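Structure file coords26.txt; described as compact mmCIF, C-alpha atoms and all ligand atoms.
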```txt
# COMPACT_ATOMS: atom_id res chain seq x y z
CA MET A 1 38.09 -49.82 13.97
CA LYS A 2 38.55 -47.06 11.40
CA THR A 3 38.00 -48.10 7.78
CA ILE A 4 38.94 -46.15 4.67
CA PRO A 5 35.94 -44.89 2.68
CA TYR A 6 35.49 -45.80 -0.97
CA ILE A 7 35.06 -42.74 -3.18
CA GLY A 8 33.84 -42.65 -6.76
CA VAL A 9 36.04 -40.48 -9.00
CA SER A 10 36.10 -39.45 -12.65
CA SER A 11 38.89 -41.61 -14.10
CA CYS A 12 40.60 -38.75 -15.97
CA LEU A 13 41.30 -37.00 -12.63
CA LEU A 14 43.52 -39.91 -11.60
CA GLY A 15 45.65 -39.46 -14.74
CA GLN A 16 43.94 -42.13 -16.85
CA LYS A 17 44.05 -41.17 -20.54
CA VAL A 18 40.34 -41.54 -21.17
CA ARG A 19 39.36 -38.09 -22.41
CA PHE A 20 38.01 -37.63 -25.93
CA ASP A 21 41.43 -36.39 -27.13
CA GLY A 22 43.37 -39.21 -25.47
CA ASN A 23 44.55 -37.01 -22.61
CA HIS A 24 43.85 -36.96 -18.88
CA LYS A 25 43.08 -34.25 -16.33
CA HIS A 26 45.33 -35.46 -13.54
CA GLN A 27 44.79 -33.67 -10.22
CA LYS A 28 47.72 -34.01 -7.83
CA LEU A 29 45.57 -33.09 -4.85
CA ILE A 30 43.43 -36.16 -5.54
CA THR A 31 46.24 -38.63 -6.22
CA GLU A 32 48.52 -37.37 -3.45
CA GLU A 33 47.03 -35.59 -0.41
CA LEU A 34 43.55 -37.10 -0.60
CA ALA A 35 44.70 -40.55 -1.70
CA GLU A 36 45.70 -41.40 1.89
CA LYS A 37 42.14 -40.89 3.03
CA PHE A 38 40.21 -42.81 0.38
CA THR A 39 40.13 -45.90 -1.77
CA TYR A 40 39.15 -44.64 -5.21
CA VAL A 41 36.65 -46.27 -7.52
CA PRO A 42 37.44 -44.72 -10.94
CA VAL A 43 34.65 -44.50 -13.51
CA CYS A 44 34.71 -43.01 -17.02
CA PRO A 45 31.11 -43.19 -18.22
CA GLU A 46 31.98 -42.24 -21.80
CA MET A 47 34.49 -45.09 -22.06
CA ALA A 48 32.05 -47.42 -20.30
CA ILE A 49 29.36 -46.84 -22.94
CA GLY A 50 31.86 -47.72 -25.64
CA LEU A 51 32.83 -44.33 -27.06
CA GLY A 52 36.54 -45.19 -27.05
CA VAL A 53 39.67 -43.02 -27.31
CA PRO A 54 40.09 -40.81 -29.24
CA ARG A 55 36.43 -39.95 -29.85
CA ALA A 56 34.42 -37.03 -31.14
CA PRO A 57 33.50 -34.79 -28.20
CA ILE A 58 29.90 -34.59 -26.99
CA HIS A 59 27.98 -31.72 -25.43
CA LEU A 60 24.55 -31.13 -23.89
CA THR A 61 21.72 -29.72 -25.97
CA GLY A 62 18.20 -28.79 -24.91
CA ASP A 63 16.96 -26.55 -22.13
CA GLN A 64 16.99 -26.52 -18.34
CA HIS A 65 14.26 -29.16 -18.11
CA GLU A 66 15.57 -31.73 -20.54
CA GLN A 67 18.99 -32.30 -22.06
CA ARG A 68 20.50 -34.67 -24.56
CA ALA A 69 24.16 -35.65 -24.93
CA VAL A 70 25.05 -35.45 -28.61
CA ASN A 71 28.11 -35.38 -30.85
CA VAL A 72 29.33 -31.77 -31.10
CA LYS A 73 29.54 -31.92 -34.93
CA ASP A 74 26.60 -34.23 -35.66
CA ALA A 75 23.62 -33.96 -33.30
CA SER A 76 22.05 -37.08 -34.81
CA ILE A 77 24.68 -39.10 -32.91
CA ASP A 78 22.96 -39.15 -29.55
CA VAL A 79 24.29 -41.06 -26.49
CA THR A 80 21.76 -39.81 -23.95
CA GLN A 81 20.09 -43.15 -23.35
CA GLN A 82 23.40 -45.02 -22.96
CA LEU A 83 24.72 -42.48 -20.45
CA VAL A 84 21.50 -42.44 -18.43
CA GLU A 85 21.18 -46.23 -18.35
CA PHE A 86 24.83 -46.65 -17.43
CA GLY A 87 24.46 -44.03 -14.67
CA LYS A 88 21.43 -45.78 -13.18
CA ARG A 89 23.21 -49.15 -13.22
CA LYS A 90 26.42 -47.72 -11.76
CA ALA A 91 24.50 -45.95 -8.98
CA ARG A 92 23.07 -49.33 -7.91
CA GLU A 93 26.50 -51.00 -8.10
CA LEU A 94 28.20 -48.21 -6.12
CA ASP A 95 25.87 -48.34 -3.12
CA PHE A 96 28.94 -48.82 -0.88
CA ILE A 97 30.76 -45.57 -1.77
CA SER A 98 30.83 -42.72 0.74
CA GLY A 99 31.40 -39.84 -1.69
CA TYR A 100 32.19 -38.88 -5.26
CA ILE A 101 34.60 -36.43 -6.91
CA PHE A 102 33.49 -35.42 -10.40
CA LYS A 103 35.31 -33.70 -13.25
CA LYS A 104 33.94 -30.20 -13.76
CA ASN A 105 32.35 -28.92 -17.00
CA SER A 106 31.90 -32.40 -18.48
CA PRO A 107 28.55 -33.18 -20.20
CA SER A 108 28.77 -36.58 -18.48
CA CYS A 109 30.51 -35.93 -15.14
CA GLY A 110 30.09 -32.20 -14.38
CA LEU A 111 28.06 -31.23 -11.31
CA TYR A 112 27.55 -27.50 -11.78
CA ASN A 113 27.37 -25.06 -14.68
CA VAL A 114 27.77 -27.60 -17.49
CA LYS A 115 26.98 -25.74 -20.72
CA ILE A 116 23.67 -26.53 -22.44
CA TYR A 117 23.52 -25.48 -26.11
CA ASN A 118 20.35 -24.60 -28.02
CA THR A 119 22.24 -24.29 -31.31
CA PRO A 120 25.64 -25.80 -32.16
CA SER A 121 27.38 -22.64 -30.96
CA ASN A 122 24.97 -20.89 -28.61
CA VAL A 123 24.92 -21.63 -24.87
CA LEU A 124 21.36 -21.33 -23.56
CA SER A 125 21.91 -22.19 -19.92
CA SER A 126 23.80 -24.56 -17.66
CA GLY A 127 23.06 -27.80 -15.86
CA MET A 128 24.53 -31.08 -14.67
CA GLY A 129 26.27 -33.90 -16.54
CA LEU A 130 23.91 -36.75 -17.41
CA TYR A 131 25.91 -39.47 -15.64
CA ALA A 132 26.47 -37.34 -12.51
CA ARG A 133 22.73 -36.66 -12.36
CA GLN A 134 21.90 -40.37 -12.20
CA ILE A 135 24.35 -40.91 -9.33
CA ILE A 136 22.92 -38.03 -7.32
CA GLU A 137 19.27 -38.81 -8.00
CA ALA A 138 19.82 -42.40 -6.88
CA ASN A 139 21.46 -41.27 -3.64
CA PRO A 140 20.78 -37.64 -2.69
CA LEU A 141 22.68 -38.09 0.60
CA LEU A 142 25.99 -38.96 -1.06
CA PRO A 143 28.59 -36.21 -0.49
CA VAL A 144 29.68 -35.02 -3.95
CA GLU A 145 32.11 -32.40 -5.18
CA GLU A 146 33.93 -31.26 -8.29
CA GLU A 147 37.69 -31.34 -8.58
CA GLY A 148 37.84 -27.57 -9.09
CA ARG A 149 35.89 -26.80 -5.93
CA ILE A 150 37.88 -29.08 -3.66
CA GLN A 151 41.01 -27.01 -4.37
CA ASP A 152 39.35 -24.48 -2.05
CA THR A 153 40.42 -25.16 1.55
CA GLN A 154 37.03 -24.50 3.14
CA LEU A 155 35.02 -26.47 0.59
CA ARG A 156 37.49 -29.35 0.84
CA ALA A 157 37.26 -29.42 4.64
CA ASN A 158 33.48 -29.45 4.45
CA TYR A 159 33.49 -32.23 1.84
CA LEU A 160 35.95 -34.42 3.75
CA GLN A 161 33.94 -34.03 6.91
CA ARG A 162 30.70 -35.02 5.19
CA VAL A 163 32.37 -38.08 3.67
CA GLU A 164 33.63 -39.16 7.11
CA VAL A 165 30.21 -38.71 8.70
CA TYR A 166 28.38 -40.47 5.89
CA HIS A 167 30.90 -43.32 6.01
CA ARG A 168 30.30 -43.75 9.74
CA TRP A 169 26.55 -43.80 9.09
CA GLN A 170 26.99 -46.50 6.42
CA ARG A 171 29.03 -48.57 8.88
CA LEU A 172 26.30 -48.16 11.47
CA LEU A 173 23.67 -49.38 8.99
CA ASN A 174 25.89 -52.30 7.95
CA SER A 175 26.42 -53.40 11.52
CA GLY A 176 22.67 -53.44 12.17
CA LEU A 177 20.45 -50.46 12.86
CA ASN A 178 19.43 -50.15 16.51
CA ARG A 179 18.32 -47.27 18.73
CA LYS A 180 21.35 -47.38 21.00
CA ALA A 181 23.75 -47.07 18.04
CA VAL A 182 21.79 -44.16 16.54
CA ILE A 183 21.73 -42.30 19.86
CA ASP A 184 25.49 -42.85 20.22
CA PHE A 185 26.07 -41.62 16.64
CA HIS A 186 24.05 -38.51 17.43
CA THR A 187 25.82 -37.87 20.73
CA ARG A 188 29.27 -38.01 19.13
CA HIS A 189 28.36 -35.64 16.29
CA LYS A 190 26.54 -33.04 18.38
CA PHE A 191 29.22 -30.36 18.47
CA MET A 192 30.17 -30.93 14.86
CA LEU A 193 26.58 -30.41 13.75
CA LEU A 194 26.21 -27.36 15.98
CA ALA A 195 29.27 -25.83 14.26
CA HIS A 196 27.44 -26.05 10.92
CA CYS A 197 23.74 -25.57 11.59
CA GLU A 198 22.05 -24.82 14.89
CA ALA A 199 18.58 -25.55 13.44
CA SER A 200 19.63 -29.08 12.37
CA TYR A 201 21.34 -29.58 15.72
CA ARG A 202 18.17 -28.67 17.62
CA GLU A 203 15.77 -30.56 15.36
CA SER A 204 17.90 -33.72 15.39
CA GLY A 205 18.08 -33.46 19.19
CA ARG A 206 14.26 -33.26 19.35
CA MET A 207 14.01 -36.29 17.06
CA ILE A 208 16.41 -38.29 19.21
CA ALA A 209 14.38 -37.44 22.31
CA ARG A 210 11.33 -39.02 20.60
CA ILE A 211 13.14 -41.92 18.94
CA GLY A 212 11.02 -44.50 20.79
CA GLY A 213 7.90 -43.19 19.04
CA TYR A 214 9.20 -43.90 15.52
CA ALA A 215 9.58 -47.00 13.41
CA LEU A 216 13.39 -47.20 13.44
CA SER A 217 13.98 -47.36 9.68
CA GLU A 218 11.67 -44.36 9.12
CA PHE A 219 13.49 -42.50 11.90
CA ALA A 220 16.90 -43.28 10.40
CA GLN A 221 15.91 -41.99 6.95
CA GLN A 222 14.60 -38.69 8.31
CA TYR A 223 17.39 -38.24 10.81
CA ILE A 224 20.34 -38.69 8.44
CA VAL A 225 18.83 -36.27 5.90
CA LEU A 226 18.69 -33.65 8.65
CA VAL A 227 22.32 -34.30 9.63
CA MET A 228 23.78 -34.41 6.10
CA GLU A 229 21.85 -31.30 4.99
CA GLY A 230 22.97 -29.46 8.14
CA LEU A 231 26.61 -30.35 7.54
CA LYS A 232 26.47 -28.76 4.08
CA LYS A 233 26.11 -25.35 5.72
CA PRO A 234 29.49 -23.65 6.19
CA ALA A 235 30.99 -23.75 9.68
CA THR A 236 31.88 -20.07 10.19
CA PRO A 237 34.27 -18.70 12.84
CA GLY A 238 31.21 -17.36 14.71
CA LYS A 239 29.58 -20.83 14.82
CA HIS A 240 32.88 -22.49 15.75
CA SER A 241 33.36 -19.97 18.57
CA ASN A 242 29.93 -20.86 19.92
CA VAL A 243 30.93 -24.55 20.01
CA LEU A 244 34.34 -23.78 21.55
CA GLU A 245 32.63 -21.81 24.31
CA HIS A 246 30.25 -24.72 24.95
CA ILE A 247 33.23 -27.04 25.30
CA ALA A 248 35.14 -24.58 27.50
CA GLY A 249 32.07 -24.58 29.77
CA PHE A 250 32.82 -28.20 30.65
CA PHE A 251 35.91 -26.99 32.53
CA LYS A 252 34.29 -24.13 34.43
CA HIS A 253 34.74 -25.84 37.81
CA GLN A 254 38.35 -26.85 37.18
CA LEU A 255 39.83 -23.67 35.71
CA ASP A 256 40.76 -20.63 37.76
CA THR A 257 39.84 -17.09 36.78
CA ASN A 258 43.08 -16.50 34.85
CA ASP A 259 42.76 -19.74 32.88
CA LYS A 260 39.16 -18.92 31.99
CA ALA A 261 40.15 -15.42 30.84
CA GLU A 262 42.97 -16.84 28.73
CA MET A 263 40.58 -19.38 27.15
CA GLN A 264 38.05 -16.64 26.40
CA ASN A 265 40.74 -14.41 24.85
CA ILE A 266 41.93 -17.21 22.61
CA ILE A 267 38.41 -18.03 21.42
CA THR A 268 37.79 -14.33 20.74
CA SER A 269 41.08 -14.04 18.84
CA TYR A 270 40.06 -17.01 16.71
CA ARG A 271 36.61 -15.51 16.02
CA LEU A 272 38.26 -12.24 14.92
CA GLY A 273 40.53 -14.12 12.51
CA ARG A 274 43.79 -13.48 14.37
CA ILE A 275 44.65 -17.14 15.02
CA PRO A 276 43.53 -20.44 13.43
CA TRP A 277 40.90 -22.79 14.85
CA ILE A 278 43.53 -25.30 15.90
CA VAL A 279 44.86 -22.93 18.62
CA PRO A 280 41.76 -22.89 20.89
CA VAL A 281 41.18 -26.56 20.10
CA THR A 282 44.72 -27.45 21.20
CA LEU A 283 44.21 -25.59 24.47
CA LEU A 284 40.86 -27.33 25.04
CA LYS A 285 42.50 -30.69 24.35
CA HIS A 286 45.20 -29.82 26.87
CA TYR A 287 42.50 -29.25 29.51
CA LEU A 288 40.75 -32.41 28.40
CA ARG A 289 43.91 -34.42 29.14
CA LYS A 290 44.15 -32.76 32.58
CA PHE A 291 40.44 -33.09 33.37
CA PRO A 292 39.18 -36.11 31.44
CA SER A 293 35.61 -36.24 30.17
CA THR A 294 34.48 -39.29 28.22
CA TYR A 295 31.70 -37.25 26.61
CA LEU A 296 34.18 -34.72 25.20
CA TYR A 297 36.77 -37.34 24.23
CA ARG A 298 34.18 -38.99 22.04
CA GLN A 299 33.16 -35.80 20.22
CA TYR A 300 34.18 -36.00 16.56
CA TYR A 301 34.36 -32.21 16.54
CA LEU A 302 37.68 -32.38 18.38
CA SER A 303 39.23 -34.89 15.99
CA GLN A 304 37.91 -33.63 12.67
CA TYR A 305 39.87 -32.66 9.60
CA HIS A 306 40.99 -29.10 10.14
CA PRO A 307 42.50 -26.69 7.68
CA ASP A 308 43.38 -23.25 9.02
CA ILE A 309 39.83 -22.20 9.75
S1 LIG A 401 35.08 -36.20 -17.48
FE1 LIG A 401 34.08 -38.17 -17.13
S2 LIG A 401 33.51 -38.88 -19.17
FE2 LIG A 401 35.02 -37.26 -19.47
S3 LIG A 401 36.97 -38.33 -19.60
FE3 LIG A 401 36.70 -37.75 -17.46
S4 LIG A 401 35.76 -39.54 -16.54
FE4 LIG A 401 35.52 -39.77 -18.75
```
Translate this structure into C-alpha cells?
Amino acid sequence: MKTIPYIGVSSCLLGQKVRFDGNHKHQKLITEELAEKFTYVPVCPEMAIGLGVPRAPIHLTGDQHEQRAVNVKDASIDVTQQLVEFGKRKARELDFISGYIFKKNSPSCGLYNVKIYNTPSNVLSSGMGLYARQIIEANPLLPVEEEGRIQDTQLRANYLQRVEVYHRWQRLLNSGLNRKAVIDFHTRHKFMLLAHCEASYRESGRMIARIGGYALSEFAQQYIVLVMEGLKKPATPGKHSNVLEHIAGFFKHQLDTNDKAEMQNIITSYRLGRIPWIVPVTLLKHYLRKFPSTYLYRQYYLSQYHPDI
C-alpha cells in the first residue's frame, strides 16, 4: 500500500508569518502542486528558540570552518547554541521524515550559499544555515532541497524521485529488514539507478550478489548510501536512452523488424531532444501490456515522476 511521505519544510514557505519582519515567503509550488504528494512537517527554528515576531534579523559571522548566528546590529546577541541544540533535538524527533525543503539564504534554514560576514557589512564567504546543518549531519541520506532550486523542473524531478525511493527504504526498514526484501527493493530500482549512475548500478549489483556474506544491518547501511548517492547524479537523455534500449530488448522476440525500427527511431528522437521521455516510455508500456513481463511491470523506472525530460 502506498503511503504519503512526511517532509520537513521551513514554515515561512507554507505562508506562515514567522519571518523576522512578520511576513512569510509563501511558495505556491509547495502548497499546491507538491502538497498532494507529501504531508508537511513545518518547522521555524528561529520561532522555536523563542525569538518571536517581529524580531531583529540575525546573520552568520565567522569563516568557512566555524560560524555563529548573531543579531545583525549587535553581535553580542548570539543564538548559535540555541539553534544548534534545537537542530540536534529536531533531527532526532524527525527521524520519520523522508525529505526536507528549506528556505534559501536563511542563516538558520539555508542549504547553499548563505552569506558569512567577517565584519558587519563584509561578506567573507558562504555556507549553510546552522539549523539545516544539524538536520543534514544527523541524517546525511535525507533528500534535501531549497525552495528556489525545486522551481527547476529537472532538480524537482530528481528530488521527488529521491524522496520516493528513500520513503520506500524507510518502509522496508520499518517492516523488518530481511535479505529477500532488500533484494526485491534492489530489483525494482535497477533501471532507475542505471538512468542516474552506471557505477552505482554496477556496484550495488555486485553487493547484492554477495549479500549472504554480510551482516545484514552493515550491508543495508552501505547499500543505501550507494543508491542514494547514485540517484543524486542527473539522469541525462543519453543515460535514459540506454535504459530505454535495455527495456526495448525485452521485446526483441515479440516485435517484428518494423516495430523494432520504430522503437529505435523514437528512442533516438528522444535522445536528440526532439520528443519528451514520456513518448518512448508510453510505447514501451503499450508493448508491456501486449507482452506482459512481471519483472518490467515492477520496475519503478516506468512509473516514476516524469517532467518533460
Ligand atoms: S527561513 Fe527558517 S527561520 Fe527564517 S522564517 Fe523561515 S522557517 Fe523561520
Exercise for the section: For A:Ile7, list every protein, DNA or RNA residue within 8 Å, evaluated using all atoms listed in the file, and leave out those in the same chain fewer than 5 positions away; present the list as a PyMOL selection string. Expected result: chain A and resi 38-41+97-101
Among A:Asp78, A:Glu147, A:Glu66, A:Glu203, ligand LIG 401 (chain A) is approached most closely, using all atoms listed in the file, by A:Glu147
Report task. Give as a PyMOL selection string the residues surrounding ligand LIG 401 (chain A) up to a distance of 6 Å, considering only C-alpha atoms and all ligand atoms. Result -> chain A and resi 10-12+18-19+43-46+103+106+108-109
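When all atoms listed in the file are used to compute distances to A:Ser303, the closest of the residues A:Phe20, A:Tyr287, A:Tyr201, A:Phe191 turns out to be A:Phe191.
When only C-alpha atoms are used to measure the gap to A:His26, the shortest distance among A:Gly148, A:Gly62, A:Asn71, A:Gly212 belongs to A:Gly148.
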| request: Would you kindly return, as JSON, numbers by chain, each protein, DNA or RNA residue with an atom no farther than 10 Å from any atom of A:Thr268, considering all atoms listed in the file and excluding same-chain residues fewer than 6 positions away? | output: {"A": [237, 238, 241, 245, 262, 274, 275, 280]}
Residue neighbourhood stretch 264-266 of chain A, 12 Å, all atoms listed in the file, exclusion window fewer than 4 positions, as a PyMOL selection string | chain A and resi 241-242+244-249+252+255+257-260+270-284
Write the residues you've just listed into a file as a tab-separated table (two decimals), keeping the file's coordinate frame, and include C-alpha atoms for each of them.
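Result saved to selection-v1.tsv:
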```
chain	number	residue	atom	x	y	z
A	241	SER	CA	33.36	-19.97	18.57
A	242	ASN	CA	29.93	-20.86	19.92
A	244	LEU	CA	34.34	-23.78	21.55
A	245	GLU	CA	32.63	-21.81	24.31
A	246	HIS	CA	30.25	-24.72	24.95
A	247	ILE	CA	33.23	-27.04	25.30
A	248	ALA	CA	35.14	-24.58	27.50
A	249	GLY	CA	32.07	-24.58	29.77
A	252	LYS	CA	34.29	-24.13	34.43
A	255	LEU	CA	39.83	-23.67	35.71
A	257	THR	CA	39.84	-17.09	36.78
A	258	ASN	CA	43.08	-16.50	34.85
A	259	ASP	CA	42.76	-19.74	32.88
A	260	LYS	CA	39.16	-18.92	31.99
A	270	TYR	CA	40.06	-17.01	16.71
A	271	ARG	CA	36.61	-15.51	16.02
A	272	LEU	CA	38.26	-12.24	14.92
A	273	GLY	CA	40.53	-14.12	12.51
A	274	ARG	CA	43.79	-13.48	14.37
A	275	ILE	CA	44.65	-17.14	15.02
A	276	PRO	CA	43.53	-20.44	13.43
A	277	TRP	CA	40.90	-22.79	14.85
A	278	ILE	CA	43.53	-25.30	15.90
A	279	VAL	CA	44.86	-22.93	18.62
A	280	PRO	CA	41.76	-22.89	20.89
A	281	VAL	CA	41.18	-26.56	20.10
A	282	THR	CA	44.72	-27.45	21.20
A	283	LEU	CA	44.21	-25.59	24.47
A	284	LEU	CA	40.86	-27.33	25.04
```
Item to complete: Quick one: residues within 10 Å of (28.9, -46.5, -5.5) (file frame), counting all atoms listed in the file, please, as number ranges by chain.
Response: A: 6-9, 41, 89-100, 135, 139, 142
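Distances to A:Phe250 were evaluated for A:Tyr131, A:Phe291, A:Phe219, A:Tyr214 using all atoms listed in the file, and the minimum falls at A:Phe291.
Checking A:Gln221, A:Arg162, A:Val114, A:Tyr300 one by one against A:Phe185, counting only C-alpha atoms, you find the shortest gap at A:Tyr300.
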request  = List every protein, DNA or RNA residue that has at least one atom no more than 12 Å from (19.0, -42.8, 17.9) in the file's coordinates, counting all atoms listed in the file, and write the result as a PyMOL selection string.
outcome  = chain A and resi 169+172+177-189+204-224
